[in-house]
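**Student:** File upload.pdb follows (PDB, C-alpha atoms):
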ATOM      1  CA  MET A 364     164.808  84.809 122.506
ATOM      2  CA  LYS A 365     163.945  81.948 124.825
ATOM      3  CA  THR A 366     160.594  80.121 124.878
ATOM      4  CA  VAL A 367     158.681  79.782 128.144
ATOM      5  CA  ASP A 368     155.394  78.083 129.030
ATOM      6  CA  THR A 369     152.542  80.396 129.991
ATOM      7  CA  VAL A 370     148.830  80.087 130.721
ATOM      8  CA  SER A 371     145.790  82.319 130.281
ATOM      9  CA  PHE A 372     142.394  81.929 131.870
ATOM     10  CA  ILE A 373     139.168  82.888 130.159
ATOM     11  CA  LEU A 374     136.491  83.636 132.744
ATOM     12  CA  ILE A 375     133.015  83.732 131.236
ATOM     13  CA  HIS A 376     130.201  85.522 133.054
ATOM     14  CA  GLU A 377     126.822  86.354 131.491
ATOM     15  CA  GLY A 378     128.205  85.984 127.969
ATOM     16  CA  LYS A 379     131.222  88.223 128.550
ATOM     17  CA  ILE A 380     134.874  87.519 129.320
ATOM     18  CA  LEU A 381     136.974  89.006 132.093
ATOM     19  CA  VAL A 382     140.064  90.937 130.959
ATOM     20  CA  GLU A 383     142.672  93.015 132.706
ATOM     21  CA  ARG A 384     144.568  96.218 131.941
ATOM     22  CA  ARG A 385     148.174  95.434 132.790
ATOM     23  CA  ARG A 386     150.147  97.823 134.962
ATOM     24  CA  LYS A 387     152.404 100.259 133.099
ATOM     25  CA  ASP A 388     155.443  99.370 135.240
ATOM     26  CA  ILE A 389     155.748  95.714 134.143
ATOM     27  CA  VAL A 390     158.132  94.324 131.518
ATOM     28  CA  ASN A 391     155.767  92.386 129.223
ATOM     29  CA  ASP A 392     152.978  94.327 127.500
ATOM     30  CA  PRO A 393     152.674  97.273 129.917
ATOM     31  CA  GLY A 394     149.232  98.920 129.819
ATOM     32  CA  ALA A 395     147.814  96.256 127.491
ATOM     33  CA  VAL A 396     144.261  94.902 127.767
ATOM     34  CA  VAL A 397     144.697  91.122 127.916
ATOM     35  CA  VAL A 398     143.178  87.830 128.959
ATOM     36  CA  PRO A 399     144.773  87.324 132.411
ATOM     37  CA  GLY A 400     147.472  84.720 132.908
ATOM     38  CA  GLY A 401     151.092  84.146 133.759
ATOM     39  CA  HIS A 402     154.181  81.958 133.595
ATOM     40  CA  VAL A 403     154.281  78.254 134.387
ATOM     41  CA  GLU A 404     156.824  77.707 137.167
ATOM     42  CA  PRO A 405     159.467  74.937 136.751
ATOM     43  CA  ASP A 406     157.724  72.600 139.230
ATOM     44  CA  GLU A 407     154.232  73.077 137.712
ATOM     45  CA  ASN A 408     152.163  71.767 134.837
ATOM     46  CA  PRO A 409     149.842  74.211 133.016
ATOM     47  CA  LEU A 410     146.772  73.266 135.067
ATOM     48  CA  MET A 411     148.643  73.827 138.338
ATOM     49  CA  ALA A 412     149.877  77.178 137.008
ATOM     50  CA  VAL A 413     146.439  78.378 135.965
ATOM     51  CA  LYS A 414     145.026  77.533 139.423
ATOM     52  CA  ARG A 415     147.876  79.405 141.144
ATOM     53  CA  GLU A 416     147.650  82.397 138.802
ATOM     54  CA  LEU A 417     143.871  82.714 139.299
ATOM     55  CA  LEU A 418     144.384  82.889 143.039
ATOM     56  CA  GLU A 419     147.334  85.322 142.804
ATOM     57  CA  GLU A 420     145.896  87.654 140.168
ATOM     58  CA  LEU A 421     142.166  87.567 140.887
ATOM     59  CA  GLY A 422     141.778  85.968 144.321
ATOM     60  CA  ILE A 423     139.397  83.263 143.087
ATOM     61  CA  GLU A 424     139.267  79.480 142.786
ATOM     62  CA  CYS A 425     137.804  77.885 139.667
ATOM     63  CA  ASN A 426     135.424  74.966 140.286
ATOM     64  CA  SER A 427     136.228  73.359 136.919
ATOM     65  CA  PHE A 428     138.528  74.092 134.002
ATOM     66  CA  ARG A 429     138.549  73.010 130.431
ATOM     67  CA  PHE A 430     141.541  73.329 128.158
ATOM     68  CA  TYR A 431     140.728  75.453 125.115
ATOM     69  CA  ASP A 432     143.781  76.028 122.908
ATOM     70  CA  ARG A 433     147.560  76.351 122.807
ATOM     71  CA  MET A 434     149.606  78.708 120.626
ATOM     72  CA  LEU A 435     153.070  80.232 120.368
ATOM     73  CA  CYS A 436     152.991  83.955 121.199
ATOM     74  CA  GLU A 437     155.733  86.566 121.007
ATOM     75  CA  SER A 438     156.188  89.268 123.629
ATOM     76  CA  ASP A 439     158.794  92.015 123.863
ATOM     77  CA  THR A 440     161.205  89.798 125.808
ATOM     78  CA  GLU A 441     160.369  86.131 125.066
ATOM     79  CA  TYR A 442     158.417  83.583 123.092
ATOM     80  CA  GLN A 443     155.524  82.137 125.077
ATOM     81  CA  MET A 444     153.921  78.757 124.448
ATOM     82  CA  ASN A 445     150.562  79.767 125.887
ATOM     83  CA  SER A 446     147.711  77.476 126.943
ATOM     84  CA  TRP A 447     144.235  79.007 127.332
ATOM     85  CA  PHE A 448     141.826  77.483 129.853
ATOM     86  CA  ILE A 449     138.142  78.299 130.294
ATOM     87  CA  CYS A 450     136.481  78.737 133.686
ATOM     88  CA  GLU A 451     132.744  79.393 133.825
ATOM     89  CA  ASP A 452     132.154  78.663 137.514
ATOM     90  CA  TRP A 453     134.322  79.977 140.337
ATOM     91  CA  LYS A 454     134.369  80.775 144.061
ATOM     92  CA  GLY A 455     134.939  84.342 145.155
ATOM     93  CA  GLU A 456     134.645  87.756 143.562
ATOM     94  CA  PRO A 457     137.443  88.603 141.093
ATOM     95  CA  THR A 458     139.605  91.517 142.223
ATOM     96  CA  ALA A 459     142.585  93.092 140.467
ATOM     97  CA  SER A 460     145.572  92.335 142.669
ATOM     98  CA  GLU A 461     148.281  92.543 139.983
ATOM     99  CA  ALA A 462     146.617  94.624 137.233
ATOM    100  CA  ASP A 463     145.492  98.247 137.073
ATOM    101  CA  GLU A 464     141.905  97.109 136.547
ATOM    102  CA  ILE A 465     139.713  94.195 135.508
ATOM    103  CA  PHE A 466     136.489  94.391 133.502
ATOM    104  CA  TYR A 467     134.284  92.343 131.173
ATOM    105  CA  LEU A 468     134.118  92.481 127.377
ATOM    106  CA  GLY A 469     131.321  91.249 125.148
ATOM    107  CA  TRP A 470     131.423  90.031 121.554
ATOM    108  CA  CYS A 471     131.247  93.560 120.068
ATOM    109  CA  GLU A 472     134.150  94.816 122.218
ATOM    110  CA  LEU A 473     136.864  92.275 121.381
ATOM    111  CA  ASP A 474     138.813  94.868 119.377
ATOM    112  CA  ARG A 475     139.782  96.336 122.774
ATOM    113  CA  LEU A 476     142.058  93.325 123.390
ATOM    114  CA  SER A 477     145.635  94.475 122.790
ATOM    115  CA  LEU A 478     147.276  91.184 121.819
ATOM    116  CA  PRO A 479     146.523  89.561 118.446
ATOM    117  CA  ASN A 480     146.594  86.032 119.870
ATOM    118  CA  ASP A 481     144.098  86.918 122.614
ATOM    119  CA  ARG A 482     141.783  88.452 119.982
ATOM    120  CA  LYS A 483     142.124  85.359 117.781
ATOM    121  CA  ILE A 484     141.406  82.860 120.575
ATOM    122  CA  VAL A 485     138.519  84.791 122.137
ATOM    123  CA  THR A 486     136.920  85.571 118.761
ATOM    124  CA  GLN A 487     137.120  81.868 117.893
ATOM    125  CA  LEU A 488     135.530  80.986 121.255
ATOM    126  CA  PHE A 489     132.675  83.485 120.810
ATOM    127  CA  ARG A 490     131.992  82.172 117.285
ATOM    128  CA  GLU A 491     131.802  78.608 118.585
ATOM    129  CA  GLU A 492     129.460  79.633 121.415
ATOM    130  CA  ILE A 493     127.174  81.536 119.009
ATOM    131  CA  GLN A 494     126.918  78.486 116.735
ATOM    132  CA  LYS A 495     125.751  76.198 119.579
TER     133      LYS A 495
END
Any chance you could give the structure as structure tokens?

**Tutor:**
Amino acid sequence: MKTVDTVSFILIHEGKILVERRRKDIVNDPGAVVVPGGHVEPDENPLMAVKRELLEELGIECNSFRFYDRMLCESDTEYQMNSWFICEDWKGEPTASEADEIFYLGWCELDRLSLPNDRKIVTQLFREEIQK
């Protein structure tokens, strides 16, 4: 399998993170509950990709990003070198333009995330935030 660069964006609102339920008619992880994101295009760097994906998938613009972590992930069709970015302040109201639905999860609901790497990253983030 080939390896591609991907990004995910963690939107934090009132102590919860925004997730999406992927459409059932897509190739990678159909129907899964995931941290939103997408592929980095050949002419982009990860930060450019995360800005584009936020606009395409949720219709919002993030006022400031911070890089959080990077990890190799395996999907049904490819390996993904994924970079997670955090956005706590954005313009617009998130809407599901490419997913079946979007909703927020709190600390006690993280088992609803379908992908092990999403659960690992978000659990780590929540633990760090609790310790502050």

**Student:** If the PyMOL selection byres ((chain A and resi 391) around 12) is run on the structure shown, which residues does it catch, given as a PyMOL selection string?

**Tutor:** chain A and resi 385-390+392-397+400-402+436-443+478

**Student:** Identify, on the basis of all atoms listed in the file, every residue whose closest approach to stretch 429-431 of chain A does not exceed 8 Å; exclude the query and any residue fewer than 5 positions from it along the same chain; express the result as a PyMOL selection string.

**Tutor:** chain A and resi 446-450

**Student:** For the residues in the current selection, export C-alpha atoms as an mmCIF file, in the frame of the given file.

**Tutor:**
data_model
loop_
_atom_site.group_PDB
_atom_site.id
_atom_site.type_symbol
_atom_site.label_atom_id
_atom_site.label_comp_id
_atom_site.auth_asym_id
_atom_site.auth_seq_id
_atom_site.Cartn_x
_atom_site.Cartn_y
_atom_site.Cartn_z
ATOM 1 C CA SER A 446 147.711 77.476 126.943
ATOM 2 C CA TRP A 447 144.235 79.007 127.332
ATOM 3 C CA PHE A 448 141.826 77.483 129.853
ATOM 4 C CA ILE A 449 138.142 78.299 130.294
ATOM 5 C CA CYS A 450 136.481 78.737 133.686
#

**Student:** So the first atom is atom CA of A:Trp470 and the second is atom CA of A:Gln487; what is the distance between them in Å, to one decimal place?

**Tutor:**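 The value is 10.6 Å.
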
**Student:** Given the file above and the PyMOL selection byres ((chain A and resi 434) around 7), which residues are selected, and can you give them as a PyMOL selection string?

**Tutor:** chain A and resi 432-433+435-436+444-446

**Student:** Selected residues, C-alpha atoms, written as a compact mmCIF listing (two decimals), in the frame of the given file, please.

**Tutor:**
# COMPACT_ATOMS: atom_id res chain seq x y z
CA ASP A 432 143.78 76.03 122.91
CA ARG A 433 147.56 76.35 122.81
CA LEU A 435 153.07 80.23 120.37
CA CYS A 436 152.99 83.96 121.20
CA MET A 444 153.92 78.76 124.45
CA ASN A 445 150.56 79.77 125.89
CA SER A 446 147.71 77.48 126.94

**Student:** Would you compute the distance between atom CA of A:Trp453 and atom CA of A:Pro405? Give it in Å to one decimal.

**Tutor:**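 Atom-to-atom, atom CA of A:Trp453 to atom CA of A:Pro405, that is 25.9 Å.
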
**Student:** For A:Thr486, which residue out of A:Ile380, A:Leu417, A:Ala462, A:Met364 is the nearest one, using all atoms listed in the file?

**Tutor:** A:Ile380

**Student:** May I ask which of the residues A:Val398, A:Ile423, A:Leu473, A:Ala412 is the closest one to A:Ile373, counting all atoms listed in the file?

**Tutor:** A:Val398

**Student:** Which residues, protein or nucleic acid, reach to within 12 Å of (139.0, 93.4, 144.6) in the file's coordinates when using only C-alpha atoms, and can you give that as a list in words?

**Tutor:** Leu418, Glu419, Glu420, Leu421, Gly422, Ile423, Gly455, Glu456, Pro457, Thr458, Ala459, Ser460, Glu461, Ala462, Asp463, Glu464, Ile465 and Phe466 of chain A

**Student:** Go ahead and compute the interatomic distance for atom CA of A:Ser427 and atom CA of A:Asp452, in Å to one decimal.

**Tutor:**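 If I compute the distance from atom CA of A:Ser427 to atom CA of A:Asp452, I get 6.7 Å.
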
**Student:** Between A:Arg475, A:Arg384, A:Lys454, A:Lys379, single out the one closest to A:Phe489, counting all atoms listed in the file.

**Tutor:**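 Looking at the shortest contact to A:Phe489, the residue is A:Lys379.
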
**Student:** Calculated over all atoms listed in the file, which of the candidates A:Ile375, A:Val382, A:Val485, A:Leu468 has the smallest distance to A:Cys425?

**Tutor:**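 Closest to A:Cys425 of all the choices is A:Ile375.
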
**Student:** Find the spatial neighbours of A:Val413, counting only C-alpha atoms, within a cut-off of 7 Å - ignore same-chain residues fewer than 5 positions away - and output them as an MDAnalysis selection string.

**Tutor:** chainID A and resid 370:372

**Student:** Identify which of the residues A:Glu416, A:Asp368, A:Glu377, A:Glu383 lies closest to A:Val403, counting only C-alpha atoms when measuring atom-to-atom distances.

**Tutor:** A:Asp368

**Student:** Complete stretch 457-482 of chain A with N, CA and C atoms (output as a PDB file, in the coordinates of the input).

**Tutor:**
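Dumped to out02.pdb:
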ATOM      1  N   PRO A 457     136.155  88.193 141.661  1.00  0.00           N
ATOM      2  CA  PRO A 457     137.443  88.603 141.093  1.00  0.00           C
ATOM      3  C   PRO A 457     137.816  90.029 141.477  1.00  0.00           C
ATOM      4  N   THR A 458     139.065  90.198 141.913  1.00  0.00           N
ATOM      5  CA  THR A 458     139.605  91.517 142.223  1.00  0.00           C
ATOM      6  C   THR A 458     140.964  91.650 141.552  1.00  0.00           C
ATOM      7  N   ALA A 459     141.309  92.842 141.158  1.00  0.00           N
ATOM      8  CA  ALA A 459     142.585  93.092 140.467  1.00  0.00           C
ATOM      9  C   ALA A 459     143.692  93.267 141.487  1.00  0.00           C
ATOM     10  N   SER A 460     144.472  92.209 141.716  1.00  0.00           N
ATOM     11  CA  SER A 460     145.572  92.335 142.669  1.00  0.00           C
ATOM     12  C   SER A 460     146.898  92.620 141.976  1.00  0.00           C
ATOM     13  N   GLU A 461     147.025  92.300 140.691  1.00  0.00           N
ATOM     14  CA  GLU A 461     148.281  92.543 139.983  1.00  0.00           C
ATOM     15  C   GLU A 461     148.116  93.442 138.766  1.00  0.00           C
ATOM     16  N   ALA A 462     146.885  93.783 138.405  1.00  0.00           N
ATOM     17  CA  ALA A 462     146.617  94.624 137.233  1.00  0.00           C
ATOM     18  C   ALA A 462     146.080  95.977 137.681  1.00  0.00           C
ATOM     19  N   ASP A 463     146.090  96.943 136.759  1.00  0.00           N
ATOM     20  CA  ASP A 463     145.492  98.247 137.073  1.00  0.00           C
ATOM     21  C   ASP A 463     143.993  98.128 137.269  1.00  0.00           C
ATOM     22  N   GLU A 464     143.346  97.300 136.427  1.00  0.00           N
ATOM     23  CA  GLU A 464     141.905  97.109 136.547  1.00  0.00           C
ATOM     24  C   GLU A 464     141.493  95.828 135.836  1.00  0.00           C
ATOM     25  N   ILE A 465     140.328  95.309 136.214  1.00  0.00           N
ATOM     26  CA  ILE A 465     139.713  94.195 135.508  1.00  0.00           C
ATOM     27  C   ILE A 465     138.314  94.619 135.097  1.00  0.00           C
ATOM     28  N   PHE A 466     137.835  94.083 133.981  1.00  0.00           N
ATOM     29  CA  PHE A 466     136.489  94.391 133.502  1.00  0.00           C
ATOM     30  C   PHE A 466     136.081  93.318 132.497  1.00  0.00           C
ATOM     31  N   TYR A 467     134.816  93.345 132.088  1.00  0.00           N
ATOM     32  CA  TYR A 467     134.284  92.343 131.173  1.00  0.00           C
ATOM     33  C   TYR A 467     134.088  92.929 129.786  1.00  0.00           C
ATOM     34  N   LEU A 468     134.338  92.100 128.768  1.00  0.00           N
ATOM     35  CA  LEU A 468     134.118  92.481 127.377  1.00  0.00           C
ATOM     36  C   LEU A 468     133.135  91.511 126.736  1.00  0.00           C
ATOM     37  N   GLY A 469     132.244  92.063 125.929  1.00  0.00           N
ATOM     38  CA  GLY A 469     131.321  91.249 125.148  1.00  0.00           C
ATOM     39  C   GLY A 469     131.825  91.098 123.718  1.00  0.00           C
ATOM     40  N   TRP A 470     131.079  90.348 122.939  1.00  0.00           N
ATOM     41  CA  TRP A 470     131.423  90.031 121.554  1.00  0.00           C
ATOM     42  C   TRP A 470     131.783  91.283 120.736  1.00  0.00           C
ATOM     43  N   CYS A 471     131.036  92.348 120.879  1.00  0.00           N
ATOM     44  CA  CYS A 471     131.247  93.560 120.068  1.00  0.00           C
ATOM     45  C   CYS A 471     132.416  94.413 120.556  1.00  0.00           C
ATOM     46  N   GLU A 472     133.071  94.011 121.641  1.00  0.00           N
ATOM     47  CA  GLU A 472     134.150  94.816 122.218  1.00  0.00           C
ATOM     48  C   GLU A 472     135.523  94.158 122.109  1.00  0.00           C
ATOM     49  N   LEU A 473     135.616  93.041 121.402  1.00  0.00           N
ATOM     50  CA  LEU A 473     136.864  92.275 121.381  1.00  0.00           C
ATOM     51  C   LEU A 473     138.026  93.020 120.733  1.00  0.00           C
ATOM     52  N   ASP A 474     137.729  94.066 119.961  1.00  0.00           N
ATOM     53  CA  ASP A 474     138.813  94.868 119.377  1.00  0.00           C
ATOM     54  C   ASP A 474     139.591  95.632 120.450  1.00  0.00           C
ATOM     55  N   ARG A 475     139.073  95.672 121.667  1.00  0.00           N
ATOM     56  CA  ARG A 475     139.782  96.336 122.774  1.00  0.00           C
ATOM     57  C   ARG A 475     140.932  95.485 123.314  1.00  0.00           C
ATOM     58  N   LEU A 476     140.936  94.177 122.990  1.00  0.00           N
ATOM     59  CA  LEU A 476     142.058  93.325 123.390  1.00  0.00           C
ATOM     60  C   LEU A 476     143.310  93.767 122.653  1.00  0.00           C
ATOM     61  N   SER A 477     144.403  93.938 123.368  1.00  0.00           N
ATOM     62  CA  SER A 477     145.635  94.475 122.790  1.00  0.00           C
ATOM     63  C   SER A 477     146.452  93.455 122.013  1.00  0.00           C
ATOM     64  N   LEU A 478     146.400  92.190 122.418  1.00  0.00           N
ATOM     65  CA  LEU A 478     147.276  91.184 121.819  1.00  0.00           C
ATOM     66  C   LEU A 478     146.553  90.398 120.734  1.00  0.00           C
ATOM     67  N   PRO A 479     147.163  90.272 119.555  1.00  0.00           N
ATOM     68  CA  PRO A 479     146.523  89.561 118.446  1.00  0.00           C
ATOM     69  C   PRO A 479     146.117  88.128 118.792  1.00  0.00           C
ATOM     70  N   ASN A 480     146.941  87.414 119.540  1.00  0.00           N
ATOM     71  CA  ASN A 480     146.594  86.032 119.870  1.00  0.00           C
ATOM     72  C   ASN A 480     145.398  85.954 120.810  1.00  0.00           C
ATOM     73  N   ASP A 481     145.284  86.876 121.763  1.00  0.00           N
ATOM     74  CA  ASP A 481     144.098  86.918 122.614  1.00  0.00           C
ATOM     75  C   ASP A 481     142.851  87.169 121.765  1.00  0.00           C
ATOM     76  N   ARG A 482     142.930  88.153 120.846  1.00  0.00           N
ATOM     77  CA  ARG A 482     141.783  88.452 119.982  1.00  0.00           C
ATOM     78  C   ARG A 482     141.391  87.231 119.155  1.00  0.00           C
TER      79      ARG A 482
END
